[in-house]
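Q: My structure is stored as upload.txt, with compact mmCIF, C-alpha atoms.
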# COMPACT_ATOMS: atom_id res chain seq x y z
CA MET S 15 -111.30 -3.23 -21.88
CA VAL S 16 -107.62 -3.94 -21.09
CA LEU S 17 -105.10 -3.03 -23.73
CA VAL S 18 -102.09 -5.36 -23.87
CA SER S 19 -98.91 -4.15 -25.51
CA THR S 20 -97.66 -6.45 -28.25
CA GLU S 21 -94.24 -4.82 -28.21
CA ARG S 22 -91.75 -7.31 -26.82
CA THR S 23 -89.06 -6.19 -24.36
CA PRO S 24 -85.63 -6.73 -25.92
CA THR S 25 -83.52 -9.46 -24.33
CA ILE S 26 -79.81 -10.16 -24.11
CA ARG S 27 -80.31 -12.64 -26.98
CA ASP S 28 -81.60 -9.78 -29.15
CA VAL S 29 -78.56 -7.67 -28.30
CA ALA S 30 -76.23 -10.56 -29.13
CA ALA S 31 -77.98 -11.16 -32.47
CA ARG S 32 -77.91 -7.47 -33.41
CA ALA S 33 -74.22 -7.13 -32.49
CA GLY S 34 -73.25 -10.45 -34.08
CA VAL S 35 -71.66 -11.80 -30.92
CA SER S 36 -72.44 -14.40 -28.26
CA LYS S 37 -74.63 -13.87 -25.18
CA SER S 38 -71.63 -14.42 -22.93
CA LEU S 39 -69.70 -11.65 -24.66
CA VAL S 40 -72.65 -9.26 -24.18
CA SER S 41 -72.59 -10.13 -20.48
CA LEU S 42 -68.87 -9.36 -20.33
CA VAL S 43 -69.43 -5.95 -21.92
CA LEU S 44 -72.30 -5.13 -19.54
CA ARG S 45 -70.07 -6.03 -16.57
CA GLY S 46 -67.31 -3.76 -17.89
CA ASP S 47 -64.83 -6.55 -18.43
CA PRO S 48 -61.56 -5.00 -19.72
CA GLY S 49 -60.71 -8.08 -21.83
CA VAL S 50 -63.24 -7.30 -24.58
CA SER S 51 -61.84 -5.75 -27.76
CA PRO S 52 -62.86 -2.15 -28.53
CA ALA S 53 -64.58 -3.18 -31.78
CA ARG S 54 -66.79 -5.79 -30.13
CA ARG S 55 -67.49 -3.50 -27.19
CA ASP S 56 -68.65 -0.77 -29.58
CA ALA S 57 -70.87 -3.26 -31.47
CA VAL S 58 -72.57 -4.37 -28.25
CA THR S 59 -72.96 -0.79 -26.99
CA ARG S 60 -74.59 0.26 -30.30
CA ALA S 61 -76.96 -2.72 -30.16
CA VAL S 62 -77.95 -1.88 -26.58
CA ASP S 63 -78.69 1.73 -27.56
CA GLU S 64 -80.58 0.83 -30.75
CA LEU S 65 -82.77 -1.77 -29.03
CA GLY S 66 -83.26 0.22 -25.82
CA TYR S 67 -82.13 -2.82 -23.84
CA GLN S 68 -82.31 -2.55 -20.04
CA PRO S 69 -80.11 -5.06 -18.15
CA ASN S 70 -81.98 -7.29 -15.74
CA ARG S 71 -80.50 -6.21 -12.42
CA VAL S 72 -82.09 -9.09 -10.56
CA ALA S 73 -80.53 -11.61 -12.90
CA GLN S 74 -77.18 -9.89 -12.62
CA VAL S 75 -77.31 -10.02 -8.82
CA LEU S 76 -78.25 -13.71 -8.86
CA GLY S 77 -75.44 -14.43 -11.29
CA THR S 78 -72.83 -12.75 -9.08
CA ARG S 79 -74.32 -13.88 -5.76
CA ARG S 80 -74.67 -10.28 -4.67
CA SER S 81 -77.64 -8.47 -3.22
CA GLY S 82 -77.10 -5.30 -5.25
CA THR S 83 -77.49 -3.25 -2.05
CA VAL S 84 -75.11 -1.19 0.06
CA GLY S 85 -75.63 -0.38 3.73
CA VAL S 86 -75.34 3.28 4.72
CA LEU S 87 -74.83 3.63 8.47
CA LEU S 88 -75.78 7.07 9.80
CA ASN S 89 -75.21 8.25 13.35
CA ASP S 90 -78.28 10.49 13.46
CA LEU S 91 -80.64 11.29 10.60
CA ARG S 92 -81.45 14.67 12.17
CA ASN S 93 -78.01 16.06 11.31
CA PRO S 94 -78.30 18.05 8.05
CA TRP S 95 -74.62 17.40 7.30
CA PHE S 96 -75.66 13.98 6.01
CA VAL S 97 -77.89 15.37 3.25
CA ASP S 98 -75.25 16.38 0.70
CA LEU S 99 -73.07 13.37 1.51
CA LEU S 100 -75.98 11.02 0.87
CA ALA S 101 -76.80 12.82 -2.37
CA GLY S 102 -73.26 12.26 -3.65
CA ALA S 103 -73.08 8.66 -2.46
CA THR S 104 -76.49 7.49 -3.70
CA ALA S 105 -76.12 9.10 -7.14
CA THR S 106 -72.75 7.39 -7.59
CA LEU S 107 -73.99 4.02 -6.35
CA ASP S 108 -76.94 4.21 -8.74
CA THR S 109 -74.66 4.48 -11.75
CA VAL S 110 -73.18 1.06 -10.93
CA GLY S 111 -76.49 -0.60 -10.09
CA LEU S 112 -76.18 -0.51 -6.30
CA ALA S 113 -79.08 0.57 -4.09
CA PRO S 114 -78.47 2.14 -0.66
CA VAL S 115 -80.10 0.77 2.50
CA LEU S 116 -80.12 3.47 5.20
CA VAL S 117 -79.94 2.69 8.91
CA ASP S 118 -80.03 5.34 11.65
CA SER S 119 -77.73 3.84 14.28
CA ALA S 120 -78.94 6.17 17.04
CA THR S 121 -82.54 5.03 16.58
CA SER S 122 -81.53 1.37 16.28
CA ARG S 123 -79.57 1.50 19.54
CA ARG S 124 -82.44 3.22 21.36
CA VAL S 125 -84.67 0.23 20.66
CA GLY S 126 -81.96 -2.23 21.64
CA GLY S 127 -80.88 -3.29 18.18
CA SER S 128 -77.52 -3.55 16.43
CA PRO S 129 -77.55 -1.40 13.26
CA VAL S 130 -74.55 -3.19 11.77
CA ASP S 131 -76.05 -6.64 12.36
CA GLN S 132 -79.28 -5.34 10.84
CA LEU S 133 -77.44 -4.48 7.62
CA LEU S 134 -75.57 -7.78 7.53
CA ARG S 135 -78.84 -9.69 7.92
CA GLN S 136 -80.03 -7.95 4.76
CA GLN S 137 -76.89 -9.30 3.04
CA VAL S 138 -75.60 -5.93 1.84
CA ASP S 139 -72.57 -6.07 -0.42
CA GLY S 140 -70.72 -3.38 1.55
CA ILE S 141 -71.16 -0.62 4.13
CA VAL S 142 -70.53 3.14 4.07
CA VAL S 143 -70.10 4.50 7.60
CA VAL S 144 -71.18 8.16 7.62
CA GLY S 145 -69.80 10.30 10.44
CA THR S 146 -68.69 9.44 13.96
CA THR S 147 -70.31 6.27 15.24
CA GLU S 148 -70.64 4.29 18.47
CA ASP S 149 -70.83 0.96 16.62
CA GLU S 150 -67.10 0.37 16.50
CA GLU S 151 -66.96 -3.23 17.77
CA GLU S 152 -69.71 -4.35 15.38
CA LEU S 153 -67.91 -2.67 12.47
CA ARG S 154 -64.65 -4.43 13.31
CA ARG S 155 -66.46 -7.76 12.97
CA ALA S 156 -68.29 -6.65 9.81
CA ALA S 157 -64.99 -5.66 8.15
CA THR S 158 -64.07 -9.34 8.00
CA VAL S 159 -67.25 -10.05 6.01
CA VAL S 160 -67.93 -7.11 3.66
CA PRO S 161 -66.00 -4.09 2.30
CA ILE S 162 -66.34 -0.94 4.43
CA VAL S 163 -65.62 2.72 3.68
CA LEU S 164 -65.51 5.40 6.38
CA ALA S 165 -66.98 8.70 5.12
CA GLY S 166 -66.35 11.86 7.14
CA THR S 167 -64.94 9.85 10.05
CA TYR S 168 -61.85 7.98 11.19
CA GLU S 169 -63.69 5.61 13.54
CA PRO S 170 -63.16 2.79 14.16
CA ALA S 171 -59.56 4.06 14.24
CA ASP S 172 -58.07 0.58 14.02
CA LEU S 173 -59.75 -0.15 10.66
CA GLY S 174 -57.91 2.44 8.58
CA PRO S 175 -54.55 2.22 6.78
CA GLY S 176 -51.98 0.22 8.72
CA SER S 177 -54.64 -1.93 10.37
CA GLY S 178 -54.35 -4.85 7.95
CA THR S 179 -57.98 -4.47 6.83
CA ALA S 180 -59.09 -3.22 3.41
CA VAL S 181 -61.04 -0.23 4.74
CA ASP S 182 -60.85 3.13 2.93
CA VAL S 183 -61.29 6.54 4.57
CA VAL S 184 -62.72 9.65 2.86
CA VAL S 185 -62.63 12.80 4.96
CA ASN S 186 -62.46 16.57 5.00
CA ASP S 187 -59.22 18.37 5.90
CA ASP S 188 -60.52 19.05 9.40
CA VAL S 189 -57.33 20.66 10.69
CA GLU S 190 -57.12 23.27 7.94
CA GLY S 191 -60.85 23.87 8.06
CA ALA S 192 -60.65 24.75 11.75
CA VAL S 193 -57.55 26.84 11.09
CA ALA S 194 -59.47 28.86 8.48
CA ALA S 195 -62.44 29.39 10.82
CA THR S 196 -60.27 30.50 13.74
CA ARG S 197 -57.92 32.63 11.64
CA HIS S 198 -60.94 34.46 10.26
CA CYS S 199 -61.85 35.49 13.80
CA THR S 200 -58.33 36.54 14.78
CA ASP S 201 -57.88 38.47 11.53
CA LEU S 202 -61.03 40.41 12.44
CA GLY S 203 -59.32 41.41 15.69
CA HIS S 204 -60.81 38.92 18.15
CA THR S 205 -58.47 37.95 20.98
CA ALA S 206 -60.97 35.94 23.05
CA VAL S 207 -62.02 33.06 20.77
CA THR S 208 -63.57 29.94 22.32
CA HIS S 209 -63.91 26.60 20.56
CA LEU S 210 -66.88 24.30 21.18
CA GLN S 211 -65.21 20.91 20.77
CA GLY S 212 -66.96 17.91 19.20
CA PRO S 213 -66.50 14.17 19.67
CA GLY S 214 -64.18 11.57 18.18
CA ARG S 215 -61.11 11.88 16.02
CA VAL S 216 -62.74 14.59 13.88
CA GLY S 217 -63.34 16.61 17.05
CA GLU S 218 -59.68 16.19 17.99
CA LEU S 219 -58.49 17.33 14.57
CA ARG S 220 -60.71 20.43 14.57
CA LEU S 221 -59.47 21.24 18.07
CA GLN S 222 -55.92 20.84 16.76
CA GLY S 223 -56.63 23.30 13.93
CA TYR S 224 -58.20 25.79 16.34
CA ARG S 225 -55.17 25.64 18.65
CA LYS S 226 -52.79 25.95 15.71
CA ALA S 227 -54.45 29.20 14.55
CA MET S 228 -54.66 30.63 18.08
CA THR S 229 -50.99 29.88 18.74
CA ALA S 230 -50.00 31.45 15.43
CA ALA S 231 -51.86 34.60 16.48
CA GLY S 232 -50.11 34.63 19.86
CA LEU S 233 -53.36 33.94 21.71
CA GLU S 234 -54.34 31.53 24.48
CA PRO S 235 -56.66 28.74 23.25
CA THR S 236 -59.84 28.09 25.24
CA ALA S 237 -61.89 25.02 24.34
CA VAL S 238 -64.93 23.50 26.05
CA PRO S 239 -66.95 20.35 25.24
CA GLY S 240 -69.69 21.46 22.87
CA GLY S 241 -71.04 18.22 21.43
CA MET S 242 -72.52 17.98 17.96
CA SER S 243 -76.18 18.89 18.53
CA GLU S 244 -78.06 22.16 18.83
CA GLU S 245 -78.91 21.34 22.46
CA SER S 246 -75.31 20.64 23.47
CA GLY S 247 -74.06 23.70 21.57
CA TYR S 248 -76.64 25.87 23.32
CA ALA S 249 -75.64 24.61 26.78
CA ALA S 250 -71.91 25.03 26.12
CA ALA S 251 -72.27 28.49 24.62
CA ARG S 252 -74.50 29.66 27.47
CA ARG S 253 -71.86 28.55 29.99
CA VAL S 254 -69.00 30.41 28.30
CA LEU S 255 -71.08 33.52 27.54
CA THR S 256 -72.03 33.86 31.21
CA GLY S 257 -68.53 33.04 32.46
CA THR S 258 -65.93 35.37 33.94
CA ARG S 259 -64.08 35.80 30.61
CA ARG S 260 -66.74 36.08 27.97
CA PRO S 261 -65.47 35.36 24.45
CA THR S 262 -66.13 37.75 21.62
CA ALA S 263 -66.07 34.90 19.10
CA ILE S 264 -67.12 31.24 19.14
CA VAL S 265 -65.88 28.60 16.70
CA ALA S 266 -68.26 25.62 16.90
CA TYR S 267 -67.62 21.98 15.99
CA ASN S 268 -70.47 21.98 13.45
CA ASP S 269 -73.42 24.05 12.23
CA LEU S 270 -75.87 22.49 14.67
CA ALA S 271 -73.71 23.46 17.66
CA ALA S 272 -73.29 26.92 16.12
CA ILE S 273 -77.08 27.31 15.82
CA GLY S 274 -77.27 26.45 19.51
CA ALA S 275 -74.69 29.16 20.22
CA LEU S 276 -76.74 31.70 18.27
CA SER S 277 -79.80 30.82 20.36
CA ALA S 278 -77.82 31.11 23.61
CA ALA S 279 -76.54 34.56 22.62
CA HIS S 280 -80.07 35.68 21.75
CA ASP S 281 -81.49 34.44 25.06
CA LEU S 282 -78.77 36.31 26.95
CA GLY S 283 -79.54 39.54 25.13
CA LEU S 284 -76.33 39.51 23.08
CA ARG S 285 -76.28 40.65 19.48
CA VAL S 286 -74.64 38.60 16.72
CA PRO S 287 -72.19 39.67 15.40
CA GLU S 288 -72.00 43.03 17.22
CA ASP S 289 -71.40 41.47 20.67
CA VAL S 290 -70.24 37.98 19.72
CA SER S 291 -69.26 36.36 16.41
CA VAL S 292 -70.17 32.73 15.67
CA VAL S 293 -68.62 30.35 13.13
CA GLY S 294 -70.01 26.92 12.23
CA TYR S 295 -68.62 23.96 10.33
CA ASP S 296 -70.04 21.84 7.45
CA ASN S 297 -71.81 24.68 5.57
CA THR S 298 -75.15 22.87 5.71
CA TYR S 299 -78.41 24.29 4.39
CA LEU S 300 -79.01 25.68 7.91
CA ALA S 301 -76.05 28.04 7.47
CA MET S 302 -77.46 29.22 4.14
CA ILE S 303 -80.89 30.20 5.47
CA ARG S 304 -81.02 33.97 4.97
CA HIS S 305 -82.32 34.67 8.45
CA VAL S 306 -79.41 32.67 9.92
CA SER S 307 -76.65 33.54 7.41
CA LEU S 308 -74.03 31.62 9.38
CA THR S 309 -70.34 31.91 8.56
CA SER S 310 -69.29 28.28 8.14
CA VAL S 311 -66.57 25.96 6.82
CA GLU S 312 -67.42 24.27 3.52
CA ASN S 313 -66.06 20.75 3.89
CA GLY S 314 -66.87 19.26 0.48
CA THR S 315 -69.54 16.91 1.81
CA LEU S 316 -70.93 16.05 -1.64
CA ALA S 317 -67.45 15.16 -2.88
CA ILE S 318 -66.90 12.97 0.19
CA GLY S 319 -70.07 11.04 -0.62
CA VAL S 320 -69.10 10.59 -4.27
CA GLN S 321 -65.60 9.35 -3.47
CA ALA S 322 -66.75 7.05 -0.67
CA ALA S 323 -69.23 5.38 -3.05
CA ARG S 324 -66.57 5.00 -5.74
CA PHE S 325 -64.16 3.34 -3.32
CA LEU S 326 -66.84 0.96 -2.07
CA ALA S 327 -68.02 0.05 -5.58
CA GLU S 328 -64.43 -0.80 -6.53
CA ARG S 329 -64.07 -3.05 -3.48
CA ILE S 330 -67.37 -4.80 -4.21
CA ASP S 331 -66.23 -5.32 -7.80
CA GLY S 332 -63.23 -7.23 -6.46
CA GLN S 333 -60.58 -4.62 -7.17
CA ALA S 334 -57.66 -5.03 -4.77
CA HIS S 335 -56.20 -1.87 -3.25
CA ALA S 336 -54.13 -1.05 -0.22
CA PRO S 337 -56.29 0.90 2.30
CA ARG S 338 -56.70 4.46 1.04
CA VAL S 339 -57.20 7.86 2.68
CA HIS S 340 -58.74 10.53 0.45
CA GLN S 341 -58.87 14.06 1.85
CA VAL S 342 -61.19 16.77 0.50
CA PRO S 343 -60.00 20.38 1.01
CA ALA S 344 -61.95 22.83 3.17
CA SER S 345 -62.76 26.50 2.63
CA LEU S 346 -64.51 29.21 4.65
CA VAL S 347 -67.80 30.79 3.55
CA VAL S 348 -68.19 34.18 5.26
CA ARG S 349 -71.71 35.37 6.02
CA ARG S 350 -73.34 37.71 8.53
CA THR S 351 -72.54 36.08 11.89
CA THR S 352 -68.96 37.37 12.07
CA SER S 353 -67.51 40.88 12.35
CA SER S 354 -64.92 42.81 14.29
CA PRO S 355 -65.13 42.53 18.10
CA PRO S 356 -67.01 45.16 20.11
CA ALA S 357 -65.00 48.19 21.18
CA SER S 358 -63.71 47.79 24.74
Step by step, read the file and then write its structure as structure tokens.
A:
Amino acid sequence: MVLVSTERTPTIRDVAARAGVSKSLVSLVLRGDPGVSPARRDAVTRAVDELGYQPNRVAQVLGTRRSGTVGVLLNDLRNPWFVDLLAGATATLDTVGLAPVLVDSATSRRVGGSPVDQLLRQQVDGIVVVGTTEDEEELRRAATVVPIVLAGTYEPADLGPGSGTAVDVVVNDDVEGAVAATRHCTDLGHTAVTHLQGPGRVGELRLQGYRKAMTAAGLEPTAVPGGMSEESGYAAARRVLTGTRRPTAIVAYNDLAAIGALSAAHDLGLRVPEDVSVVGYDNTYLAMIRHVSLTSVENGTLAIGVQAARFLAERIDGQAHAPRVHQVPASLVVRRTTSSPPAS
């Protein structure tokens, strides 16, 4: 036997009747229209709560000619840095009725596709670009169609403030984060500190911070390309650790490259931190694993995700703003991979 509930789902008409207002006014309140008087807004809000009314998101989307979705363009899903950023972004988008559509641009390109075009075909209302990307030309074209926010990246560089496009940027203070990581090593007494440099504008800024701290300590900077993966970090660290002037400390572009450096040191029979100290960046869950216990820069990834989603939701809602740059401060989390240099 099938039991059928006789309890009717409340409608917008029911809310209007309970609040003593029109259906159109209820719609204005639900959309957050600022022109509604406080008294009427309170009456509608009470009616919604009392009836347990749930807005019909599909109807709202059809009424505004929006899809109710937001594209999230990731460079590589394997990077754990994305986890906290996505958590902040998706939770914020959910509060305004927007659903994220994730696309891994690295995978899309490997199969010959265009990740940006893929999102546009799904008629997303906007795009959050997470981290350094290779899809710059496609994003330039997309910026003429939908709102775009760059999260944790400055690329494409010609889409930010001063470009004439309404594209917001939400980033970490990469210079000061790298300064903190490098200064930590020099304060411990290290004089041979090598930086594993990463790609893009973020890589340039972290290199700038590293050089700034080394110069302030009266030391000669030494940087080598280190990439942003465990494999590239391993290869770069192995080269410098077997070179003629072996560093006693390594400041990596991110946690993945730092994990690669830890593996390279282990394979070469070097102890961390007794023989070589290693510092990462991003303070991902990898750094927090007790067996790893990596000293790393906390870059406020969750906050970046939250702010990026807020900016995009405002753009989708039609709010006009000059292009904005929001910077989240960085701080160093010291764990067990750093100590004073070995005695000469």
Q: Show which residues sit within 12 Å of Gly127 (chain S), as a compact mmCIF listing (two decimals) with C-alpha atoms, in the coordinates of the input. Count all atoms listed in the file, and ignore same-chain residues fewer than 6 positions away.
A:
# COMPACT_ATOMS: atom_id res chain seq x y z
CA VAL S 117 -79.94 2.69 8.91
CA ASP S 118 -80.03 5.34 11.65
CA SER S 119 -77.73 3.84 14.28
CA ALA S 120 -78.94 6.17 17.04
CA THR S 121 -82.54 5.03 16.58
CA LEU S 133 -77.44 -4.48 7.62
CA ASP S 149 -70.83 0.96 16.62
CA GLU S 152 -69.71 -4.35 15.38
Q: Pick out the residues sitting within 8 Å of region 348-351 of chain S, and hand them over as a PDB file with C-alpha atoms, keeping the file's coordinate frame; count all atoms listed in the file, and ignore anything fewer than 2 positions along from it in its own chain.
A:
ATOM      1  CA  VAL S 286     -74.640  38.600  16.720  1.00  0.00           C
ATOM      2  CA  PRO S 287     -72.190  39.670  15.400  1.00  0.00           C
ATOM      3  CA  SER S 291     -69.260  36.360  16.410  1.00  0.00           C
ATOM      4  CA  VAL S 292     -70.170  32.730  15.670  1.00  0.00           C
ATOM      5  CA  VAL S 293     -68.620  30.350  13.130  1.00  0.00           C
ATOM      6  CA  VAL S 306     -79.410  32.670   9.920  1.00  0.00           C
ATOM      7  CA  SER S 307     -76.650  33.540   7.410  1.00  0.00           C
ATOM      8  CA  LEU S 308     -74.030  31.620   9.380  1.00  0.00           C
ATOM      9  CA  THR S 309     -70.340  31.910   8.560  1.00  0.00           C
ATOM     10  CA  SER S 310     -69.290  28.280   8.140  1.00  0.00           C
ATOM     11  CA  LEU S 346     -64.510  29.210   4.650  1.00  0.00           C
ATOM     12  CA  SER S 353     -67.510  40.880  12.350  1.00  0.00           C
TER      13      SER S 353
END
Q: Give me, please, the distance in Å between CA of Ala237 (chain S) and CA of Pro355 (chain S), quoted to one decimal.
A: 18.9 Å
Q: Give me the residues within 10 Å of Arg92 (chain S) as a list of chain:residue names, counting all atoms listed in the file and dropping any in the same chain fewer than 5 places off.
A: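 Final neighbour list, sorted by chain and number: S:Val97, S:Asp118, S:Ser243, S:Leu270.
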Q: Any idea what the distance is between CA of Val184 (chain S) and CA of Val144 (chain S)?
A: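 So the answer is 9.8 Å.
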Q: Considering only C-alpha atoms, state which residue in the set S:Arg329, S:Cys199, S:Val339, S:Ala31 is at the smallest distance from Ala157 (chain S).
A: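 Of the candidates, the smallest distance to Ala157 (chain S) is held by S:Arg329.
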Q: When you draw a straight line from CA of Gly212 (chain S) to CA of Pro239 (chain S), how long is it in Å?
A: 6.5 Å
Q: Nearest to Asp98 (chain S) among S:Val86, S:Leu316, S:Val311, S:Ala250, with distances taken over all atoms listed in the file: which residue is it?
A: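 That would be S:Leu316, the residue with the smallest distance to Asp98 (chain S).
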Q: Let me make sure I understand: among S:Phe325, S:Trp95, S:Tyr267, S:Tyr299, which one has the smallest atom-to-atom distance to Arg220 (chain S) if we use only C-alpha atoms?
A: S:Tyr267
Q: Find the residue from S:His209, S:Val185, S:Ala327, S:Ala344 that sits nearest to Glu312 (chain S); use all atoms listed in the file when measuring.
A: S:Ala344
Q: From the options S:Ser122, S:Asn93, S:Asn268, S:Ser345, which residue's atoms come nearest to Val193 (chain S), counting only C-alpha atoms?
A: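 Distance minimum relative to Val193 (chain S) lands on S:Ser345.
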Q: Go through S:Leu219, S:Leu210, S:Val115, S:Val29 and flag the residue nearest Pro235 (chain S), using only C-alpha atoms for the distances.
A: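 Using only C-alpha atoms, Pro235 (chain S) sits closest to S:Leu210.
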Q: Could you give me, as a ChimeraX atom specification, the residues within 8 Å of Glu245 (chain S), counting all atoms listed in the file and dropping anything in the same chain fewer than 4 positions from it?
A: /S:249,271,274
Q: Residues near Leu255 (chain S), anyone? I mean within 10 Å using all atoms listed in the file, not counting same-chain ones fewer than 3 positions away, as a list in words.
A: Thr208, Ala250, Ala251, Arg252, Thr258, Arg259, Arg260, Pro261, Thr262, Ala263, Ile264, Ala275, Ala278, Ala279, Leu282, Leu284 and Val290 of chain S
Q: For region 285-291 of chain S, I'd like the enclosing box, axis-aligned and padded by 6 Å on every side, reported as AutoDock Vina command-line options with centre and edge lengths in Å to one decimal.
A:
--center_x -72.8 --center_y 39.7 --center_z 18.0 --size_x 19.0 --size_y 18.7 --size_z 17.3
Q: When you get a chance, write out N, CA, C and O atoms for region 278-291 of chain S, as an mmCIF file, in the frame of the given file.
A:
data_model
loop_
_atom_site.group_PDB
_atom_site.id
_atom_site.type_symbol
_atom_site.label_atom_id
_atom_site.label_comp_id
_atom_site.auth_asym_id
_atom_site.auth_seq_id
_atom_site.Cartn_x
_atom_site.Cartn_y
_atom_site.Cartn_z
ATOM 1 N N ALA S 278 -78.279 30.743 22.267
ATOM 2 C CA ALA S 278 -77.820 31.110 23.610
ATOM 3 C C ALA S 278 -77.514 32.601 23.679
ATOM 4 O O ALA S 278 -77.889 33.283 24.652
ATOM 5 N N ALA S 279 -76.845 33.120 22.651
ATOM 6 C CA ALA S 279 -76.540 34.560 22.620
ATOM 7 C C ALA S 279 -77.820 35.380 22.620
ATOM 8 O O ALA S 279 -77.945 36.373 23.357
ATOM 9 N N HIS S 280 -78.789 34.974 21.815
ATOM 10 C CA HIS S 280 -80.070 35.680 21.750
ATOM 11 C C HIS S 280 -80.768 35.688 23.101
ATOM 12 O O HIS S 280 -81.267 36.727 23.565
ATOM 13 N N ASP S 281 -80.800 34.529 23.763
ATOM 14 C CA ASP S 281 -81.490 34.440 25.060
ATOM 15 C C ASP S 281 -80.803 35.256 26.134
ATOM 16 O O ASP S 281 -81.440 35.658 27.121
ATOM 17 N N LEU S 282 -79.511 35.512 25.965
ATOM 18 C CA LEU S 282 -78.770 36.310 26.950
ATOM 19 C C LEU S 282 -78.753 37.792 26.576
ATOM 20 O O LEU S 282 -78.093 38.595 27.250
ATOM 21 N N GLY S 283 -79.458 38.146 25.525
ATOM 22 C CA GLY S 283 -79.540 39.540 25.130
ATOM 23 C C GLY S 283 -78.312 40.043 24.386
ATOM 24 O O GLY S 283 -78.089 41.258 24.310
ATOM 25 N N LEU S 284 -77.531 39.128 23.828
ATOM 26 C CA LEU S 284 -76.330 39.510 23.080
ATOM 27 C C LEU S 284 -76.632 39.537 21.589
ATOM 28 O O LEU S 284 -77.337 38.670 21.079
ATOM 29 N N ARG S 285 -76.067 40.523 20.919
ATOM 30 C CA ARG S 285 -76.280 40.650 19.480
ATOM 31 C C ARG S 285 -75.178 39.919 18.713
ATOM 32 O O ARG S 285 -74.023 39.931 19.118
ATOM 33 N N VAL S 286 -75.583 39.275 17.615
ATOM 34 C CA VAL S 286 -74.640 38.600 16.720
ATOM 35 C C VAL S 286 -74.684 39.321 15.382
ATOM 36 O O VAL S 286 -75.759 39.494 14.801
ATOM 37 N N PRO S 287 -73.551 39.863 14.898
ATOM 38 C CA PRO S 287 -72.190 39.670 15.400
ATOM 39 C C PRO S 287 -71.663 40.836 16.235
ATOM 40 O O PRO S 287 -70.477 40.839 16.567
ATOM 41 N N GLU S 288 -72.511 41.822 16.553
ATOM 42 C CA GLU S 288 -72.000 43.030 17.220
ATOM 43 C C GLU S 288 -71.340 42.716 18.565
ATOM 44 O O GLU S 288 -70.298 43.286 18.909
ATOM 45 N N ASP S 289 -71.942 41.819 19.359
ATOM 46 C CA ASP S 289 -71.400 41.470 20.670
ATOM 47 C C ASP S 289 -70.575 40.189 20.649
ATOM 48 O O ASP S 289 -69.611 40.047 21.401
ATOM 49 N N VAL S 290 -70.971 39.241 19.819
ATOM 50 C CA VAL S 290 -70.240 37.980 19.720
ATOM 51 C C VAL S 290 -70.382 37.414 18.307
ATOM 52 O O VAL S 290 -71.469 37.425 17.725
ATOM 53 N N SER S 291 -69.263 36.988 17.735
ATOM 54 C CA SER S 291 -69.260 36.360 16.410
ATOM 55 C C SER S 291 -69.356 34.847 16.589
ATOM 56 O O SER S 291 -68.855 34.295 17.567
#
